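Colleague: Hey, dropping upload35.cif in here, mmCIF, C-alpha atoms and all ligand atoms:
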data_data
#
loop_
_atom_site.label_atom_id
_atom_site.label_comp_id
_atom_site.auth_asym_id
_atom_site.auth_seq_id
_atom_site.Cartn_x
_atom_site.Cartn_y
_atom_site.Cartn_z
CA MET A 31 82.61 -5.13 -141.62
CA THR A 32 84.16 -8.41 -142.67
CA PRO A 33 84.50 -10.45 -145.83
CA VAL A 34 83.98 -14.17 -144.99
CA THR A 35 84.12 -16.95 -147.59
CA THR A 36 81.24 -19.40 -148.06
CA ASP A 37 83.35 -22.09 -146.38
CA GLY A 38 83.95 -19.90 -143.34
CA ARG A 39 87.40 -18.35 -143.80
CA ILE A 40 87.68 -14.84 -142.36
CA LEU A 41 89.51 -12.83 -145.00
CA GLY A 42 89.98 -9.49 -143.28
CA GLU A 43 88.40 -7.42 -140.60
CA ALA A 44 87.91 -3.82 -139.64
CA LEU A 45 86.20 -2.54 -136.57
CA SER A 46 85.10 0.84 -135.43
CA SER A 47 84.27 1.03 -131.76
CA GLN A 48 82.06 3.46 -129.92
CA ALA A 49 83.56 2.52 -126.54
CA ASP A 50 84.78 6.08 -125.95
CA LEU A 51 81.29 7.47 -126.49
CA LEU A 52 79.80 4.85 -124.15
CA VAL A 53 82.24 5.75 -121.37
CA GLN A 54 81.74 9.49 -121.86
CA TRP A 55 77.92 9.38 -121.89
CA GLY A 56 77.31 6.27 -119.78
CA GLY A 57 75.24 4.61 -122.49
CA VAL A 58 74.09 4.89 -126.09
CA VAL A 59 73.01 8.38 -127.14
CA PRO A 60 71.11 7.82 -130.42
CA ASN A 61 72.20 10.97 -132.29
CA LEU A 62 75.84 10.58 -131.36
CA ALA A 63 75.76 6.88 -132.20
CA GLN A 64 74.28 7.61 -135.62
CA ASP A 65 76.85 10.31 -136.37
CA ALA A 66 79.66 8.01 -135.30
CA HIS A 67 78.31 5.24 -137.54
CA ALA A 68 77.94 7.52 -140.54
CA LYS A 69 81.46 8.92 -140.15
CA ALA A 70 83.01 5.49 -139.72
CA ILE A 71 81.23 3.39 -142.31
CA ASP A 72 83.06 4.21 -145.56
CA LYS A 73 86.47 3.81 -143.99
CA VAL A 74 85.56 0.61 -142.16
CA VAL A 75 84.28 -0.99 -145.37
CA ALA A 76 87.31 0.17 -147.36
CA ASP A 77 89.74 -1.06 -144.66
CA ALA A 78 88.04 -4.44 -144.33
CA LEU A 79 88.18 -5.04 -148.08
CA ALA A 80 91.80 -3.87 -148.25
CA ASN A 81 92.78 -6.13 -145.33
CA ALA A 82 91.09 -9.03 -147.10
CA GLY A 83 92.73 -8.19 -150.41
CA VAL A 84 89.40 -8.11 -152.26
CA GLN A 85 87.42 -5.51 -154.16
CA GLU A 86 83.71 -4.85 -153.88
CA GLU A 87 83.15 -6.55 -157.24
CA ASP A 88 84.76 -9.79 -155.94
CA LEU A 89 81.94 -10.25 -153.39
CA SER A 90 79.23 -12.89 -153.96
CA ALA A 91 76.64 -11.32 -151.68
CA VAL A 92 76.25 -8.59 -149.07
CA ALA A 93 74.88 -9.28 -145.58
CA VAL A 94 73.79 -6.48 -143.29
CA THR A 95 72.02 -6.26 -139.93
CA ILE A 96 68.46 -4.99 -140.42
CA GLY A 97 67.34 -5.37 -136.79
CA PRO A 98 66.70 -5.30 -133.96
CA GLY A 99 68.40 -2.05 -132.91
CA LEU A 100 68.26 1.71 -133.23
CA SER A 101 66.69 2.65 -136.58
CA MET A 102 69.05 5.56 -137.06
CA CYS A 103 72.09 3.32 -136.74
CA LEU A 104 70.65 0.42 -138.73
CA ARG A 105 69.93 2.86 -141.55
CA VAL A 106 73.61 3.79 -141.95
CA GLY A 107 74.71 0.17 -142.43
CA VAL A 108 71.76 -0.82 -144.59
CA SER A 109 72.19 2.19 -146.92
CA LYS A 110 75.87 1.38 -147.41
CA ALA A 111 75.21 -2.32 -147.97
CA ARG A 112 72.42 -1.62 -150.46
CA ASP A 113 74.65 0.76 -152.32
CA ILE A 114 77.37 -1.86 -152.79
CA ALA A 115 74.85 -4.55 -153.73
CA ARG A 116 73.06 -2.21 -156.13
CA VAL A 117 76.21 -1.12 -157.97
CA HIS A 118 77.68 -4.62 -158.28
CA ARG A 119 74.33 -6.44 -158.68
CA LEU A 120 74.85 -8.67 -155.65
CA PRO A 121 72.21 -10.61 -153.70
CA MET A 122 71.59 -9.44 -150.15
CA VAL A 123 70.86 -11.01 -146.79
CA GLY A 124 69.06 -8.95 -144.13
CA VAL A 125 70.49 -10.34 -140.90
CA HIS A 126 68.85 -10.57 -137.47
CA HIS A 127 71.43 -9.39 -134.90
CA MET A 128 70.64 -12.19 -132.45
CA GLU A 129 70.72 -14.89 -135.11
CA ALA A 130 74.22 -13.70 -135.98
CA HIS A 131 75.31 -14.11 -132.32
CA ALA A 132 73.76 -17.60 -132.29
CA LEU A 133 75.24 -18.87 -135.56
CA VAL A 134 78.83 -17.68 -135.12
CA ALA A 135 79.55 -20.80 -133.02
CA ARG A 136 79.10 -22.87 -136.19
CA LEU A 137 81.92 -20.90 -137.80
CA THR A 138 84.38 -21.22 -134.94
CA GLU A 139 83.71 -24.82 -133.90
CA LYS A 140 82.97 -27.64 -136.25
CA GLY A 141 80.29 -30.10 -135.22
CA VAL A 142 77.77 -27.61 -133.83
CA GLU A 143 74.81 -29.20 -135.58
CA PHE A 144 71.17 -28.21 -135.27
CA PRO A 145 69.35 -28.47 -132.96
CA PHE A 146 71.32 -26.73 -130.21
CA VAL A 147 70.49 -24.41 -127.32
CA VAL A 148 71.82 -20.85 -127.30
CA LEU A 149 72.28 -18.50 -124.37
CA LEU A 150 72.86 -14.90 -125.45
CA VAL A 151 74.14 -12.68 -122.69
CA SER A 152 75.15 -9.09 -123.39
CA GLY A 153 74.45 -5.51 -122.40
CA GLY A 154 71.15 -5.53 -124.27
CA HIS A 155 69.97 -9.11 -124.38
CA ASN A 156 69.43 -12.11 -122.16
CA LEU A 157 67.95 -14.76 -124.34
CA LEU A 158 67.59 -18.55 -124.32
CA LEU A 159 66.83 -20.13 -127.67
CA LEU A 160 66.42 -23.52 -129.22
CA ALA A 161 68.07 -23.22 -132.65
CA GLN A 162 66.41 -25.78 -134.91
CA ASP A 163 67.84 -24.63 -138.24
CA VAL A 164 68.97 -21.44 -139.95
CA GLY A 165 66.02 -19.08 -139.56
CA GLN A 166 64.20 -21.50 -137.23
CA TYR A 167 64.22 -20.69 -133.53
CA THR A 168 62.08 -21.27 -130.47
CA GLN A 169 62.48 -18.71 -127.73
CA LEU A 170 62.67 -20.49 -124.38
CA GLY A 171 63.18 -17.38 -122.27
CA THR A 172 64.16 -13.74 -122.21
CA THR A 173 64.64 -11.01 -119.66
CA VAL A 174 61.60 -9.37 -118.16
CA ASP A 175 63.64 -6.23 -117.36
CA ASP A 176 67.41 -5.70 -117.57
CA ALA A 177 70.07 -7.81 -119.21
CA ILE A 178 72.96 -9.25 -117.19
CA GLY A 179 75.59 -7.12 -118.94
CA GLU A 180 73.70 -4.01 -117.94
CA ALA A 181 73.73 -5.18 -114.31
CA TYR A 182 77.51 -5.75 -114.52
CA ASP A 183 78.01 -2.30 -116.04
CA LYS A 184 75.83 -0.56 -113.46
CA THR A 185 77.50 -2.34 -110.54
CA ALA A 186 80.97 -1.57 -111.93
CA ARG A 187 80.03 2.10 -112.17
CA LEU A 188 78.73 2.16 -108.58
CA LEU A 189 81.98 0.53 -107.42
CA GLY A 190 84.07 3.25 -109.06
CA LEU A 191 85.77 0.88 -111.50
CA ASP A 192 87.64 1.96 -114.61
CA LEU A 193 85.10 1.49 -117.41
CA LYS A 194 87.44 1.96 -120.35
CA ARG A 195 87.53 -1.74 -121.18
CA GLY A 196 83.87 -2.16 -120.20
CA GLY A 197 82.24 -2.56 -116.80
CA GLY A 198 81.94 -6.35 -117.08
CA PRO A 199 85.63 -7.15 -117.52
CA ALA A 200 86.62 -4.66 -114.78
CA LEU A 201 84.14 -6.20 -112.35
CA GLU A 202 85.22 -9.74 -113.20
CA GLN A 203 88.81 -8.82 -112.49
CA LEU A 204 88.09 -7.17 -109.14
CA ALA A 205 85.86 -10.09 -108.09
CA LEU A 206 88.92 -12.37 -108.22
CA GLU A 207 90.14 -10.63 -105.05
CA GLY A 208 86.84 -10.82 -103.19
CA ASN A 209 84.77 -13.23 -101.11
CA PRO A 210 81.66 -14.24 -103.12
CA LYS A 211 79.73 -15.02 -99.93
CA ALA A 212 80.50 -11.77 -98.13
CA PHE A 213 77.10 -10.32 -99.09
CA ASN A 214 74.03 -12.46 -99.23
CA PHE A 215 72.05 -11.27 -102.26
CA SER A 216 69.03 -13.34 -103.21
CA VAL A 217 68.90 -15.21 -106.49
CA PRO A 218 66.19 -13.74 -108.75
CA MET A 219 62.98 -15.55 -109.74
CA ARG A 220 63.61 -18.82 -107.93
CA GLN A 221 59.86 -19.14 -107.38
CA ARG A 222 59.11 -18.86 -111.10
CA GLN A 223 59.47 -22.19 -112.88
CA ASN A 224 60.34 -20.81 -116.30
CA CYS A 225 63.39 -19.76 -118.31
CA ASN A 226 62.94 -15.99 -118.09
CA PHE A 227 65.47 -13.69 -116.46
CA SER A 228 65.31 -10.64 -114.25
CA TYR A 229 68.31 -8.53 -113.23
CA ALA A 230 66.63 -5.30 -112.10
CA GLY A 231 66.02 -6.62 -108.57
CA LEU A 232 69.62 -7.77 -108.14
CA LYS A 233 70.86 -4.45 -109.45
CA ASN A 234 68.75 -2.77 -106.81
CA GLN A 235 69.90 -5.06 -103.98
CA VAL A 236 73.51 -4.24 -104.89
CA ARG A 237 72.80 -0.52 -105.12
CA LEU A 238 71.32 -0.53 -101.61
CA ALA A 239 74.23 -2.56 -100.20
CA ILE A 240 76.73 -0.18 -101.80
CA ALA A 241 74.91 2.82 -100.33
CA ALA A 242 74.73 1.13 -96.89
CA LYS A 243 78.51 0.63 -96.93
CA ASN A 244 79.10 4.23 -98.04
CA ILE A 245 81.03 3.21 -101.13
CA ASN A 246 81.61 6.38 -103.11
CA ALA A 247 81.78 5.83 -106.88
CA GLU A 248 83.45 9.23 -107.25
CA VAL A 249 86.55 7.75 -105.62
CA PRO A 250 88.18 5.53 -108.24
CA LEU A 251 89.27 2.07 -107.19
CA SER A 252 92.90 2.99 -107.85
CA GLU A 253 92.70 5.58 -105.05
CA THR A 254 91.23 3.36 -102.34
CA ASP A 255 93.09 1.91 -99.34
CA THR A 256 93.38 -1.85 -98.76
CA GLU A 257 90.27 -2.12 -96.63
CA GLU A 258 88.07 -0.17 -99.04
CA ARG A 259 89.42 -2.16 -101.97
CA ARG A 260 88.61 -5.39 -100.13
CA LEU A 261 85.05 -4.20 -99.48
CA ARG A 262 84.52 -3.35 -103.14
CA ALA A 263 86.02 -6.68 -104.22
CA ASP A 264 83.67 -8.55 -101.85
CA MET A 265 80.73 -6.63 -103.30
CA ALA A 266 81.83 -7.44 -106.87
CA ALA A 267 82.34 -11.13 -106.09
CA SER A 268 79.01 -11.43 -104.25
CA PHE A 269 77.14 -9.74 -107.10
CA GLN A 270 78.81 -11.99 -109.66
CA ARG A 271 78.06 -15.16 -107.73
CA VAL A 272 74.33 -14.46 -107.69
CA ALA A 273 74.19 -13.07 -111.24
CA VAL A 274 75.76 -16.30 -112.49
CA LEU A 275 73.60 -18.54 -110.24
CA HIS A 276 70.56 -17.02 -111.97
CA LEU A 277 72.05 -17.95 -115.36
CA GLU A 278 72.70 -21.48 -114.11
CA ASP A 279 69.11 -21.96 -112.88
CA ARG A 280 67.60 -20.79 -116.16
CA CYS A 281 70.02 -22.74 -118.37
CA ARG A 282 69.43 -25.98 -116.47
CA ARG A 283 65.71 -25.63 -117.08
CA ALA A 284 66.18 -24.55 -120.69
CA LEU A 285 68.25 -27.65 -121.45
CA GLU A 286 65.49 -29.78 -119.92
CA TRP A 287 62.78 -28.07 -121.98
CA ALA A 288 64.83 -28.16 -125.17
CA ARG A 289 65.53 -31.86 -124.84
CA LYS A 290 61.83 -32.52 -124.35
CA ILE A 291 61.16 -30.72 -127.63
CA ASP A 292 64.04 -32.45 -129.40
CA PRO A 293 66.11 -35.11 -127.60
CA SER A 294 68.94 -34.79 -130.14
CA VAL A 295 70.12 -31.47 -128.66
CA ALA A 296 73.85 -31.93 -127.95
CA CYS A 297 75.31 -28.44 -127.38
CA LEU A 298 74.79 -25.30 -125.36
CA VAL A 299 76.25 -22.32 -127.20
CA VAL A 300 76.96 -19.23 -125.11
CA SER A 301 77.54 -15.94 -126.87
CA GLY A 302 77.29 -12.17 -126.35
CA GLY A 303 79.76 -9.97 -124.44
CA VAL A 304 79.18 -11.62 -121.04
CA ALA A 305 80.14 -15.02 -122.51
CA SER A 306 83.79 -14.01 -122.26
CA ASN A 307 83.48 -14.05 -118.45
CA GLN A 308 85.48 -16.97 -117.03
CA VAL A 309 83.12 -17.58 -114.09
CA VAL A 310 80.15 -17.73 -116.47
CA ARG A 311 82.04 -20.18 -118.67
CA SER A 312 83.16 -22.48 -115.91
CA ARG A 313 79.74 -22.62 -114.20
CA LEU A 314 77.93 -23.29 -117.47
CA ASN A 315 80.50 -25.90 -118.34
CA TYR A 316 79.63 -27.61 -115.09
CA ILE A 317 75.88 -27.66 -115.75
CA THR A 318 76.25 -28.90 -119.33
CA GLN A 319 78.55 -31.69 -118.17
CA GLU A 320 75.97 -32.69 -115.54
CA VAL A 321 73.61 -33.66 -118.36
CA GLY A 322 76.22 -34.96 -120.80
CA LEU A 323 76.09 -32.00 -123.20
CA ARG A 324 78.89 -29.93 -124.72
CA LEU A 325 79.44 -26.25 -123.95
CA VAL A 326 80.57 -24.15 -126.90
CA CYS A 327 81.83 -20.59 -126.38
CA PRO A 328 83.10 -18.68 -129.41
CA PRO A 329 86.35 -16.78 -128.74
CA PRO A 330 85.69 -13.52 -126.86
CA ARG A 331 86.26 -11.25 -129.87
CA LEU A 332 83.46 -13.09 -131.72
CA CYS A 333 81.17 -13.10 -128.66
CA THR A 334 80.95 -9.31 -128.52
CA ASP A 335 79.31 -7.46 -131.42
CA ASN A 336 81.42 -7.94 -134.54
CA GLY A 337 81.26 -7.99 -138.32
CA VAL A 338 82.33 -11.61 -138.69
CA MET A 339 79.12 -12.90 -137.12
CA VAL A 340 76.97 -10.85 -139.50
CA ALA A 341 78.94 -12.00 -142.55
CA TRP A 342 78.74 -15.61 -141.35
CA ALA A 343 74.97 -15.41 -140.78
CA GLY A 344 74.86 -14.12 -144.36
CA VAL A 345 76.85 -17.15 -145.53
CA GLU A 346 74.51 -19.55 -143.71
CA HIS A 347 71.53 -18.00 -145.48
CA TYR A 348 73.34 -17.70 -148.83
CA ASN A 349 74.40 -21.37 -148.75
CA ARG A 350 70.72 -22.28 -148.43
CA GLY A 351 69.58 -19.94 -151.17
CA MET A 352 67.91 -17.64 -148.64
CA THR A 353 68.83 -14.27 -150.21
CA GLN A 354 67.05 -11.23 -151.60
CA PRO A 355 67.72 -9.84 -155.07
CA PRO A 356 70.01 -6.80 -155.52
CA PRO A 357 68.29 -3.42 -155.04
CA PRO A 358 66.96 -1.73 -158.21
CA ILE A 359 69.79 -0.05 -160.10
CA ASP A 360 68.00 3.30 -159.87
CA GLU A 361 67.11 3.08 -156.16
CA PRO A 362 66.90 6.66 -154.90
CA LEU A 363 68.97 7.80 -151.93
CA ASP A 364 65.83 8.38 -149.86
CA ALA A 365 64.25 5.01 -150.71
CA TRP A 366 62.19 3.30 -148.01
CA LEU A 367 64.38 0.78 -146.20
CA ASP A 368 63.25 -2.41 -144.52
CA LEU A 369 64.58 -1.73 -141.00
CA ARG A 370 63.31 -3.75 -138.06
CA PRO A 371 64.11 -1.96 -134.79
CA ARG A 372 61.87 -4.38 -132.90
CA TRP A 373 62.02 -7.84 -134.35
CA GLN A 374 61.43 -11.13 -132.60
CA LEU A 375 63.81 -13.92 -133.60
CA GLY A 376 61.81 -17.03 -132.84
CA GLU A 377 58.47 -18.43 -131.92
CA ILE A 378 57.88 -18.08 -128.20
CA LEU A 379 57.38 -21.22 -126.20
CA GLU A 380 54.07 -21.15 -124.37
CA GLU A 381 55.63 -22.03 -120.98
CA GLY A 382 57.95 -19.06 -121.34
CA VAL A 383 55.18 -16.56 -121.81
CA ALA A 384 54.68 -15.64 -118.21
CA ASP A 385 53.67 -12.56 -116.29
CA ALA A 386 55.72 -9.50 -117.14
CA HIS A 387 57.01 -11.14 -120.30
CA LYS A 388 53.58 -10.62 -121.86
CA ARG A 389 54.15 -6.89 -121.54
CA SER A 390 57.43 -7.06 -123.41
CA LEU A 391 55.77 -9.13 -126.13
CA LYS A 392 53.29 -6.37 -126.76
CA LYS A 393 56.18 -4.02 -127.39
CA THR A 394 57.94 -6.16 -129.98
CA GLY A 395 56.36 -4.25 -132.83
CA THR A 396 54.96 -4.94 -136.21
CA HIS A 397 57.29 -7.45 -137.84
CA PRO A 398 56.55 -11.15 -137.79
CA SER A 399 59.44 -13.08 -136.24
CA LEU A 400 62.27 -14.22 -138.50
CA THR A 401 61.13 -17.80 -137.91
CA ALA A 402 57.52 -17.07 -138.90
CA GLN A 403 58.78 -15.30 -142.00
CA VAL A 404 61.10 -18.14 -143.06
CA ARG A 405 58.31 -20.71 -142.52
CA SER A 406 55.95 -18.63 -144.53
CA TYR A 407 58.44 -18.49 -147.46
CA ALA A 408 58.95 -22.24 -147.22
CA GLU A 409 55.20 -22.81 -147.43
CA GLY A 410 55.01 -20.55 -150.48
CA ASN A 411 52.81 -17.94 -148.83
CA CYS A 412 54.94 -14.96 -149.94
O1 LIG B 1 77.60 -8.33 -126.94
P1 LIG B 1 78.14 -7.01 -126.48
O2 LIG B 1 79.51 -6.63 -126.95
O3 LIG B 1 77.22 -5.81 -126.86
C1 LIG B 1 75.86 -5.76 -126.65
O4 LIG B 1 75.48 -5.42 -125.52
O5 LIG B 1 75.12 -6.08 -127.60
O6 LIG B 1 78.12 -7.05 -124.88
C2 LIG B 1 78.59 -6.01 -124.08
C3 LIG B 1 78.28 -6.33 -122.63
C4 LIG B 1 78.61 -5.19 -121.68
O7 LIG B 1 77.56 -5.04 -120.77
C5 LIG B 1 79.89 -5.68 -121.00
O8 LIG B 1 80.10 -5.13 -119.72
C6 LIG B 1 79.62 -7.15 -120.93
O9 LIG B 1 79.04 -7.46 -122.18
N1 LIG B 1 80.85 -7.91 -120.75
C7 LIG B 1 81.14 -8.64 -119.65
C8 LIG B 1 82.45 -9.15 -119.83
N2 LIG B 1 82.91 -8.72 -121.04
C9 LIG B 1 81.92 -7.96 -121.59
N3 LIG B 1 80.40 -8.88 -118.56
C10 LIG B 1 80.96 -9.67 -117.62
N4 LIG B 1 82.20 -10.18 -117.70
C11 LIG B 1 82.97 -9.96 -118.78
N5 LIG B 1 84.20 -10.46 -118.85
ZN ZN B 2 74.94 -8.03 -129.58
#
Would you write the structure of this file as structure tokens?
Modeller:
Amino acid sequence: MTPVTTDGRILGEALSSQADLLVQWGGVVPNLAQDAHAKAIDKVVADALANAGVQEEDLSAVAVTIGPGLSMCLRVGVSKARDIARVHRLPMVGVHHMEAHALVARLTEKGVEFPFVVLLVSGGHNLLLLAQDVGQYTQLGTTVDDAIGEAYDKTARLLGLDLKRGGGPALEQLALEGNPKAFNFSVPMRQRQNCNFSYAGLKNQVRLAIAAKNINAEVPLSETDTEERRLRADMAASFQRVAVLHLEDRCRRALEWARKIDPSVACLVVSGGVASNQVVRSRLNYITQEVGLRLVCPPPRLCTDNGVMVAWAGVEHYNRGMTQPPPPIDEPLDAWLDLRPRWQLGEILEEGVADAHKRSLKKTGTHPSLTAQVRSYAEGNC
């Protein structure tokens, strides 16, 4: 939770992390996640306001993530936000989680003008977007199975790494000691000329290689001898090399497609947890420089999920008058809430709708995309 001014100053921040739960259970357990959210929310909001030196009544608007994500968790944030907005009669912005990741670069770096290309890489998403304006996106590609962060986490677990700071950072660190060409994993989807991603196959190749080398995840890295450590480092480096090559392939093509749609594209923004990886950054810097574009990576703490990005997405909408009125003063506690667990961000580019991706489209649920919704408002259809 974070108060941010309309000109982009971060006033104060408070964060509650579920990292301990993730390590303990090896992933998100919906009930536990909801309980943790509900317990944390009042204190996080109070701390953030206190750190910023403002009161609820000083706010101009309240922004809150309404999707996509787990309904149970979204509900906790949305109820709290509606309560504040209702009591103080504040306008609201219902934020799309991925739009918040995409827009935060405009807060941290001046000169990131629309249109720009965004690569979102995290534990849950692998997305390539053309950002044409606030609320206006074209989806160039997405993952047909797993996201890259998930593949990092799984590999880190199979290599017996310490997951306390997250599997990705632990794997990146170990890979520094290894030979990236020691294992010859194949780069996913080279035969498919689109911008979609697939990490399930790579995850599987690595799993089989780890089993073939008898690497035992039960033995922590800290207890291995030099030779075993070297083997694990080689595995980590070889996985990372191919995981990043796949990103490079897809980004190169996405920049080509985006510039065909709009030649004025000047930036590639990379966000999401995996964007803090130094190998990812340096390789993507290389491919953007090849075509004379600029790579923009928000600082790592704003690349992972955070309150600043949601507040800033709220500011971007607020500054354009794109807000909803405060909730009715007598809104009951059990009121129906507009939560969007499955919610597409942008219109999907025809070339990107290939094979397995069609299946994932069918699953995206009942809400029109944010982009379709914003267009429809602009045309006066709502
Ligand atoms: O954006 P994020 O904080 O949360 C969501 O998944 O939405 O991303 C977390 C993911 C995890 O899979 C984590 O292992 C990965 O980002 N990650 C990294 C690095 N830092 C975080 N992966 C590779 N290298 C890193 N340095
Ligand atoms: Zn995220």
Colleague: What do you get as number ranges by chain if you pick all residues at most 9 Å from ligand ZN 2 (chain B), counting all atoms listed in the file?
Modeller: A: 127-128, 130-131, 150-155, 301-303, 333-336
Colleague: Would you work out the distance separating CA of Val304 (chain A) from atom C4 of ligand LIG 1 (chain B), expressed in Å to one decimal?
Modeller: 6.5 Å
Colleague: Excluding same-chain residues fewer than 2 positions from Gly376 (chain A), what lies within 8 Å of it counting all atoms listed in the file, as a VMD selection string?
Modeller: chain A and resid 159 166 to 169 374 378 399 to 402
Colleague: Show which residues sit within 6 Å of region 187-204 of chain A, as a PyMOL selection string. Count only C-alpha atoms, and ignore same-chain residues fewer than 3 positions away.
Modeller: chain A and resi 182-184+207+247+250-251+263
Colleague: Enter the distance from CA of Ala76 (chain A) to CA of Thr32 (chain A), in Å, rounded to one decimal.
Modeller: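 Spanning CA of Ala76 (chain A) to CA of Thr32 (chain A) is a straight-line distance of 10.3 Å.
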Colleague: CA of Pro362 (chain A) to CA of Lys110 (chain A): how many Å, to one decimal?
Modeller: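 Going from CA of Pro362 (chain A) over to CA of Lys110 (chain A), I get 12.8 Å.
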Colleague: When distances are computed from only C-alpha atoms, which of A:Gly351, A:Leu375, A:Ala343, A:Ala93 shows the smallest separation from Pro398 (chain A)?
Modeller: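 Of all the options, A:Leu375 lies closest to Pro398 (chain A).
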Colleague: Could you check the closest approach to Ala296 (chain A) for each of A:Thr254, A:Gln162, A:Asn81, A:Ser228 and tell me which residue wins, using only C-alpha atoms?
Modeller: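 Under the stated criterion, the closest residue is A:Gln162.
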Colleague: If we count all atoms listed in the file and set the cut-off at 12 Å, which residues sit around Glu286 (chain A), ignoring sequence neighbours fewer than 4 positions away in its own chain? Please answer as a ChimeraX atom specification.
Modeller: /A:147,160,170,223-225,279-282,290-296,298,317-318,320-323
Colleague: Of the candidates A:Leu158, A:Ile71, A:Leu79, A:Leu120, which one gets nearest to Leu104 (chain A) if we count only C-alpha atoms?
Modeller: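 For Leu104 (chain A), the nearest of the candidates is A:Ile71.
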Colleague: Of the residues A:Gln308, A:Glu143, A:Lys211, A:Val164, which is the one nearest to ligand LIG 1 (chain B), using all atoms listed in the file?
Modeller: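 Using all atoms listed in the file, the shortest distance to ligand LIG 1 (chain B) belongs to A:Gln308.
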Colleague: Using all atoms listed in the file, pick whichever of A:Gln403, A:Gln235, A:Thr185, A:Gln221 has the shortest atom-to-atom distance to ligand LIG 1 (chain B).
Modeller: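 The closest residue to ligand LIG 1 (chain B) is A:Thr185.
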Colleague: Taking into account only C-alpha atoms, which residue in the set A:Leu277, A:Cys103, A:Leu133, A:Val249 is nearest to Leu332 (chain A)?
Modeller: A:Leu133
Colleague: Please enclose the listed atoms of region 305-312 of chain A in an axis-aligned box, pad each side by 3 Å, and write out the centre and the three edge lengths in Å, rounded to one decimal, as JSON.
Modeller:
{"center_x": 82.8, "center_y": -18.2, "center_z": -118.3, "size_x": 11.3, "size_y": 14.5, "size_z": 14.4}
Colleague: Can you pull out the residues contacting Val134 (chain A)? Cut-off 10 Å, using only C-alpha atoms, and skip same-chain residues under 6 positions away; I want them as a list in words.
Modeller: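 Final neighbour list, sorted by chain and number: Gly38, Val299, Ser301, Cys327, Pro328, Pro329, Leu332, Cys333, Val338, Met339, Val340, Ala341, Trp342, Ala343 and Glu346 of chain A.
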Colleague: Keeping C-alpha atoms for every residue in the selection just given, could you write it to a file as a tab-separated table (two decimals), in the coordinates of the input?
Modeller:
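part.tsv, written as the output of this step:
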chain	number	residue	atom	x	y	z
A	38	GLY	CA	83.95	-19.90	-143.34
A	299	VAL	CA	76.25	-22.32	-127.20
A	301	SER	CA	77.54	-15.94	-126.87
A	327	CYS	CA	81.83	-20.59	-126.38
A	328	PRO	CA	83.10	-18.68	-129.41
A	329	PRO	CA	86.35	-16.78	-128.74
A	332	LEU	CA	83.46	-13.09	-131.72
A	333	CYS	CA	81.17	-13.10	-128.66
A	338	VAL	CA	82.33	-11.61	-138.69
A	339	MET	CA	79.12	-12.90	-137.12
A	340	VAL	CA	76.97	-10.85	-139.50
A	341	ALA	CA	78.94	-12.00	-142.55
A	342	TRP	CA	78.74	-15.61	-141.35
A	343	ALA	CA	74.97	-15.41	-140.78
A	346	GLU	CA	74.51	-19.55	-143.71
